[in-house]
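For reference, the structure discussed in these notes is given below.
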Amino acid sequence: MIRLLRQSITLSLANLRSLRRRFWISLSMVLSVALVVMVLLGFLSMANGFRKTLAATGAEDVALVLSGGAQDEATSRLSPRQIHLLEEAPGIARTPDGRPLISSELLVMVDALTRDTGAPATLSLRGAGPAALELRRDLEIVEGRMFTPGAAEIIIGTRLAGSYRDMEIGDTLTFGRSEWKVVGRFSAGGSVFESEMMADIGLVQILFDRQNEVQSLRARLSAPAEFEAFRTYVEDELDMGLSARTEKAYYAAQASNVAQIIEYLGWPLALVMAIGAAVGAMTTMYSSVSNRLIEIATVRAIGYSRSAAFVGTLVESLALSLAGCVIGVLIAKFGMEGLTASTRGGGGTTQLAFELAVSLPIVIKASVLALCVGLIGGGLPAFRATRVPLRSAMTGRT
C-alpha cells in the first residue's frame, strides 16, 4: 500500500510538472470548467441574494392577515367589517391612548421608466395607514420627510430612487390621471420594502378607484408569544375565512418559492454545460495520454504499477478541474457579488430588486460539480493509461 502511494505521488507530480508542455490544451479544459462554475454560481448567487433580501424582511412580532386561500397580498381582499373586528384581536400592541397598532394596506401596480434606457417597468405603490412606520422598525426616512396623510405625497425606497426617472425629492410622478409629489426617500434594512413606494392608503384608494379596498392588515403584537392567541382569534373565532401568519414566516415562504424556481433553472443549464465540459476534459486527457504513451509504458517497465499510472493521470485531470473551479469562483466572487438584479415587473407582477450573494455553501456545490467534471473527464483516459503495452517503451511504436 505504501509502495502504491509513493508511486502514485511520484507519477502525479511528474504529470503536473509536465503540464507546461501541454499548456494550451490544458488551458481549454481549465476555462471550460471555469465557465461551468461561473454559470452555476451566477444562478445560485441570484437565488441566495433573493432569499437573503426576503429573509431580512418581516418581524416575528408583526402579524399579517390575508383573506383565506390568498398566497400573497395581491390576491387578498379584506372587507371593512373584517378590519373592524380585527382591531379587537387579542395580543395587539396599543398606543398610550389605546389605539391598536395596525395598518390596513393596499398594493397597486404602477408604471415607471428606467433612468438609463427609459424602458418601462412595473413597480409597487403601497397605500398604508398612519402606523406603517411603527410596524416597520427598520424603515427609516434617510432624505426628506414622511408623507402627509390625505395629501398626494409619496416616499420612495432606496433601491428605486437612483434607478428610475422622476424619483428625486421634489419631483412629480404621474400614474395614470394622478400626480404625486416625492417628499422622502427611505431605507428598510435591505428588505423587500426598499423596492416599494409608499403613500397614504385613503388617497391611494380614491385616486386608483379602489374605494374601501384593503388587501392586508399588519398588526404589531405586544410580544411574539402572543401570535398564537391572535391567530386563533383570526382563523377560528371570527370564522370569516381569514388567515394569519407572522410577517417573518410570510416572506420566508415567498423567498423559498422564488429561490427554488431560480435554482431549478440554473441547475439543468449548469449540468448540460458540465456534460460538455466533461467531454472536453475527456478529449484533453486522451490527448495527454496519447502524447505520453511511451513515457507511461517506460515508467511501468521499470516497476510502476497500473494503479499508480491510473492515479497519476486522474490527479492531473482533477488538478485542471480544480484550477478551473478556483478561477470560476474568483470571477463570481469579485465580478458578480453585489451586482443588483431584479424580478422585472409585467403581467401584474411587481419588481423586486436584490443583490447577488456568493456564499460558502453555494461555492461548495459548484466545486463538487467541477470535481465531478474532472472525475468523469479523467476516468476513462486514466484507465487508458493503464493499458499501455510495455513493449512500446522499447520499440517506440504507439
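In the C-alpha cells, chains take the letters A, B, ... in the order shown, each chain's residues start at 1, and ligands count up from 1 in the order shown.
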
Checklist entry - Quick one: residues within 12 Å of Glu237 (chain A), only C-alpha atoms counted, chain neighbours fewer than 5 positions away excluded, as a ChimeraX atom specification? => result /A:85-86,88-90,229-232,242-243

Interface rows for region 33-107 of chain A against region 264-283 of chain A: nearest pair, Å to one decimal, 10 Å, only C-alpha atoms, as JSON lines:
```
{"residue": "A:Val33", "atom": "CA", "partner": "A:Ala277", "partner_atom": "CA", "distance": 6.1}
{"residue": "A:Ala34", "atom": "CA", "partner": "A:Ala277", "partner_atom": "CA", "distance": 9.5}
{"residue": "A:Leu35", "atom": "CA", "partner": "A:Met273", "partner_atom": "CA", "distance": 8.4}
{"residue": "A:Val36", "atom": "CA", "partner": "A:Met273", "partner_atom": "CA", "distance": 6.0}
{"residue": "A:Val37", "atom": "CA", "partner": "A:Ala270", "partner_atom": "CA", "distance": 7.8}
{"residue": "A:Met38", "atom": "CA", "partner": "A:Ala270", "partner_atom": "CA", "distance": 9.1}
{"residue": "A:Val39", "atom": "CA", "partner": "A:Ala270", "partner_atom": "CA", "distance": 6.3}
{"residue": "A:Leu40", "atom": "CA", "partner": "A:Ala270", "partner_atom": "CA", "distance": 5.4}
{"residue": "A:Leu41", "atom": "CA", "partner": "A:Gly266", "partner_atom": "CA", "distance": 8.7}
{"residue": "A:Gly42", "atom": "CA", "partner": "A:Gly266", "partner_atom": "CA", "distance": 8.2}
{"residue": "A:Phe43", "atom": "CA", "partner": "A:Gly266", "partner_atom": "CA", "distance": 5.2}
{"residue": "A:Leu44", "atom": "CA", "partner": "A:Gly266", "partner_atom": "CA", "distance": 7.1}
{"residue": "A:Met46", "atom": "CA", "partner": "A:Gly266", "partner_atom": "CA", "distance": 9.7}
{"residue": "A:Ala47", "atom": "CA", "partner": "A:Gly266", "partner_atom": "CA", "distance": 9.4}
```

Could you save the residues just selected, with all heavy atoms, as a JSON list (two decimals), in the first residue's frame?
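Output file again.json follows:
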```json
[["chain", "number", "residue", "atom", "x", "y", "z"],
["A", 33, "VAL", "N", -14.18, 24.40, -17.48],
["A", 33, "VAL", "CA", -14.67, 24.15, -16.12],
["A", 33, "VAL", "C", -14.99, 25.47, -15.42],
["A", 33, "VAL", "O", -16.00, 25.59, -14.73],
["A", 33, "VAL", "CB", -13.62, 23.37, -15.30],
["A", 33, "VAL", "CG1", -14.04, 23.25, -13.84],
["A", 33, "VAL", "CG2", -13.42, 21.98, -15.90],
["A", 34, "ALA", "N", -14.17, 26.49, -15.63],
["A", 34, "ALA", "CA", -14.42, 27.80, -15.03],
["A", 34, "ALA", "C", -15.76, 28.36, -15.50],
["A", 34, "ALA", "O", -16.51, 28.96, -14.71],
["A", 34, "ALA", "CB", -13.29, 28.77, -15.38],
["A", 35, "LEU", "N", -16.08, 28.16, -16.78],
["A", 35, "LEU", "CA", -17.34, 28.66, -17.32],
["A", 35, "LEU", "C", -18.53, 27.95, -16.66],
["A", 35, "LEU", "O", -19.54, 28.58, -16.32],
["A", 35, "LEU", "CB", -17.38, 28.46, -18.83],
["A", 35, "LEU", "CG", -18.63, 28.98, -19.55],
["A", 35, "LEU", "CD1", -18.78, 30.48, -19.34],
["A", 35, "LEU", "CD2", -18.56, 28.66, -21.04],
["A", 36, "VAL", "N", -18.41, 26.64, -16.48],
["A", 36, "VAL", "CA", -19.48, 25.88, -15.81],
["A", 36, "VAL", "C", -19.70, 26.41, -14.40],
["A", 36, "VAL", "O", -20.84, 26.66, -13.96],
["A", 36, "VAL", "CB", -19.13, 24.38, -15.77],
["A", 36, "VAL", "CG1", -20.14, 23.63, -14.89],
["A", 36, "VAL", "CG2", -19.12, 23.79, -17.16],
["A", 37, "VAL", "N", -18.61, 26.62, -13.67],
["A", 37, "VAL", "CA", -18.70, 27.10, -12.29],
["A", 37, "VAL", "C", -19.31, 28.50, -12.25],
["A", 37, "VAL", "O", -20.16, 28.81, -11.41],
["A", 37, "VAL", "CB", -17.31, 27.10, -11.63],
["A", 37, "VAL", "CG1", -17.34, 27.80, -10.27],
["A", 37, "VAL", "CG2", -16.82, 25.67, -11.48],
["A", 38, "MET", "N", -18.91, 29.36, -13.18],
["A", 38, "MET", "CA", -19.45, 30.73, -13.22],
["A", 38, "MET", "C", -20.95, 30.73, -13.46],
["A", 38, "MET", "O", -21.69, 31.46, -12.81],
["A", 38, "MET", "CB", -18.74, 31.54, -14.31],
["A", 38, "MET", "CG", -17.34, 31.98, -13.98],
["A", 38, "MET", "SD", -16.54, 32.71, -15.43],
["A", 38, "MET", "CE", -17.76, 33.93, -15.93],
["A", 39, "VAL", "N", -21.41, 29.92, -14.40],
["A", 39, "VAL", "CA", -22.84, 29.87, -14.71],
["A", 39, "VAL", "C", -23.64, 29.38, -13.50],
["A", 39, "VAL", "O", -24.66, 29.97, -13.12],
["A", 39, "VAL", "CB", -23.11, 28.99, -15.94],
["A", 39, "VAL", "CG1", -24.61, 28.72, -16.10],
["A", 39, "VAL", "CG2", -22.56, 29.64, -17.20],
["A", 40, "LEU", "N", -23.16, 28.30, -12.89],
["A", 40, "LEU", "CA", -23.88, 27.76, -11.74],
["A", 40, "LEU", "C", -23.89, 28.75, -10.59],
["A", 40, "LEU", "O", -24.93, 28.99, -9.96],
["A", 40, "LEU", "CB", -23.25, 26.43, -11.30],
["A", 40, "LEU", "CG", -23.94, 25.75, -10.10],
["A", 40, "LEU", "CD1", -25.40, 25.48, -10.40],
["A", 40, "LEU", "CD2", -23.22, 24.46, -9.73],
["A", 41, "LEU", "N", -22.73, 29.36, -10.31],
["A", 41, "LEU", "CA", -22.68, 30.33, -9.22],
["A", 41, "LEU", "C", -23.53, 31.56, -9.53],
["A", 41, "LEU", "O", -24.08, 32.18, -8.61],
["A", 41, "LEU", "CB", -21.23, 30.76, -8.97],
["A", 41, "LEU", "CG", -20.35, 29.76, -8.22],
["A", 41, "LEU", "CD1", -18.95, 30.31, -8.05],
["A", 41, "LEU", "CD2", -20.94, 29.44, -6.85],
["A", 42, "GLY", "N", -23.64, 31.91, -10.80],
["A", 42, "GLY", "CA", -24.49, 33.04, -11.16],
["A", 42, "GLY", "C", -25.93, 32.80, -10.75],
["A", 42, "GLY", "O", -26.56, 33.65, -10.11],
["A", 43, "PHE", "N", -26.46, 31.63, -11.09],
["A", 43, "PHE", "CA", -27.85, 31.32, -10.73],
["A", 43, "PHE", "C", -28.00, 31.13, -9.22],
["A", 43, "PHE", "O", -28.95, 31.64, -8.62],
["A", 43, "PHE", "CB", -28.31, 30.05, -11.45],
["A", 43, "PHE", "CG", -28.78, 30.30, -12.86],
["A", 43, "PHE", "CD1", -27.92, 30.12, -13.93],
["A", 43, "PHE", "CD2", -30.06, 30.72, -13.13],
["A", 43, "PHE", "CE1", -28.33, 30.35, -15.24],
["A", 43, "PHE", "CE2", -30.50, 30.96, -14.42],
["A", 43, "PHE", "CZ", -29.63, 30.77, -15.48],
["A", 44, "LEU", "N", -27.05, 30.41, -8.61],
["A", 44, "LEU", "CA", -27.17, 30.16, -7.18],
["A", 44, "LEU", "C", -27.02, 31.44, -6.37],
["A", 44, "LEU", "O", -27.69, 31.61, -5.34],
["A", 44, "LEU", "CB", -26.12, 29.13, -6.73],
["A", 44, "LEU", "CG", -26.29, 27.71, -7.29],
["A", 44, "LEU", "CD1", -25.22, 26.80, -6.71],
["A", 44, "LEU", "CD2", -27.67, 27.16, -7.00],
["A", 46, "MET", "N", -27.93, 34.38, -7.41],
["A", 46, "MET", "CA", -29.19, 35.08, -7.58],
["A", 46, "MET", "C", -30.23, 34.56, -6.58],
["A", 46, "MET", "O", -30.91, 35.33, -5.90],
["A", 46, "MET", "CB", -29.71, 34.91, -9.00],
["A", 46, "MET", "CG", -28.99, 35.74, -10.05],
["A", 46, "MET", "SD", -29.62, 35.42, -11.72],
["A", 46, "MET", "CE", -31.34, 35.92, -11.54],
["A", 47, "ALA", "N", -30.34, 33.23, -6.51],
["A", 47, "ALA", "CA", -31.30, 32.64, -5.57],
["A", 47, "ALA", "C", -30.94, 32.99, -4.13],
["A", 47, "ALA", "O", -31.82, 33.30, -3.31],
["A", 47, "ALA", "CB", -31.34, 31.11, -5.76]]
```

Next on the checklist: as number ranges by chain, please: every residue in region 59-168 of chain A that a backbone DSSP assignment puts in strand (DSSP E).
Outcome noted: A: 62-67, 102-113, 120-128, 140-144, 153-157

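Secondary structure from DSSP on the backbone puts helix (DSSP H, G or I) at the following positions of region 110-167 of chain A: Thr158, Arg159, Leu160 and Ala161 of chain A.
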
Next on the checklist: Neighbouring residues of Pro381 (chain A) were defined as those with any atom within 10 Å, considering only C-alpha atoms; residues of the same chain fewer than 5 positions away were excluded. Please report them as a list in words.
Outcome noted: Ala281, Met282, Thr283, Thr284, Met285, Tyr286, Ser287, Ser288, Val289, Ser290, Phe310, Thr313, Leu314, Ser317, Ile376, Thr386 and Arg387 of chain A

Write the residues of the selection above to a file with C-alpha atoms, as a tab-separated table (two decimals), in the first residue's frame.
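Below is the file part38.tsv, written as the result:
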```tsv
chain	number	residue	atom	x	y	z
A	281	ALA	CA	-11.94	17.18	-20.42
A	282	MET	CA	-12.01	13.60	-21.66
A	283	THR	CA	-10.71	14.71	-25.06
A	284	THR	CA	-7.96	16.72	-23.38
A	285	MET	CA	-6.89	13.87	-21.16
A	286	TYR	CA	-6.99	11.31	-24.00
A	287	SER	CA	-4.72	13.63	-25.97
A	288	SER	CA	-2.44	13.96	-22.95
A	289	VAL	CA	-2.22	10.21	-22.52
A	290	SER	CA	-1.63	9.64	-26.25
A	310	PHE	CA	-4.25	5.39	-13.23
A	313	THR	CA	-3.47	10.60	-14.77
A	314	LEU	CA	-6.64	11.07	-12.72
A	317	SER	CA	-7.49	15.81	-14.56
A	376	ILE	CA	-15.66	11.84	-15.40
A	386	THR	CA	-3.07	1.51	-17.51
A	387	ARG	CA	-3.48	-0.35	-20.82
```

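In this comparison, which uses only C-alpha atoms, the residue of A:Ala252, A:Glu60, A:Cys372, A:Arg165 approaching Phe227 (chain A) most closely is A:Glu60.
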
Next on the checklist: List as a PyMOL selection string the protein and nucleic acid residues near Arg126 (chain A), meaning an atom at most 7 Å away when only C-alpha atoms are counted, but skip any in the same chain fewer than 4 places from it.
Outcome noted: chain A and resi 105-108+196-199

Can I get the selected residues back with C-alpha atoms, as a JSON list (two decimals), in the first residue's frame?
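File written: part.json
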```
[["chain", "number", "residue", "atom", "x", "y", "z"],
["A", 105, "GLU", "CA", -52.63, 48.27, 3.38],
["A", 106, "LEU", "CA", -53.22, 48.14, -0.36],
["A", 107, "LEU", "CA", -50.74, 47.38, -3.14],
["A", 108, "VAL", "CA", -51.29, 48.85, -6.59],
["A", 196, "GLU", "CA", -41.56, 49.84, -3.00],
["A", 197, "MET", "CA", -43.11, 53.29, -2.87],
["A", 198, "MET", "CA", -45.45, 54.28, -0.05],
["A", 199, "ALA", "CA", -48.36, 56.73, 0.26]]
```

Near Val358 (chain A), counting only C-alpha atoms, which residues have an atom at most 9 Å away, once you skip same-chain residues fewer than 5 positions from it, shown as a PDB file with C-alpha atoms, in the first residue's frame?
```pdb
ATOM      1  CA  LEU A  41     -22.677  30.334  -9.223  1.00  0.00           C
ATOM      2  CA  GLY A  42     -24.488  33.040 -11.161  1.00  0.00           C
ATOM      3  CA  LEU A  44     -27.168  30.159  -7.178  1.00  0.00           C
ATOM      4  CA  SER A  45     -25.995  33.622  -6.092  1.00  0.00           C
ATOM      5  CA  MET A  46     -29.192  35.082  -7.581  1.00  0.00           C
ATOM      6  CA  ASN A  48     -29.190  33.263  -2.481  1.00  0.00           C
ATOM      7  CA  GLY A  49     -29.441  37.037  -2.845  1.00  0.00           C
ATOM      8  CA  VAL A 329     -15.186  31.153  -8.037  1.00  0.00           C
ATOM      9  CA  ALA A 332     -18.029  35.097  -9.429  1.00  0.00           C
ATOM     10  CA  LYS A 333     -16.868  36.483  -6.089  1.00  0.00           C
ATOM     11  CA  MET A 336     -20.814  39.108  -9.582  1.00  0.00           C
ATOM     12  CA  GLU A 337     -21.246  39.565  -5.837  1.00  0.00           C
ATOM     13  CA  GLY A 338     -23.034  42.782  -5.019  1.00  0.00           C
ATOM     14  CA  VAL A 363     -19.260  27.627  -3.632  1.00  0.00           C
TER      15      VAL A 363
END
```

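Note that CA of Tyr233 (chain A) and CA of Ala249 (chain A) are 18.4 Å apart.
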
Item to check | Shell around region 68-84 of chain A at 10 Å using only C-alpha atoms, local window under 4 positions removed, as a PyMOL selection string | outcome: chain A and resi 64+88-89+102-109+212-217+234-235+238+240-244+250-251+253-254+348-350

Next on the checklist: I'd like the neighbourhood of Leu113 (chain A) as a count of residues only, where a residue qualifies if any of its atoms comes within 6 Å (using only C-alpha atoms), though same-chain residues fewer than 4 positions away should be ignored.
Outcome noted: 5
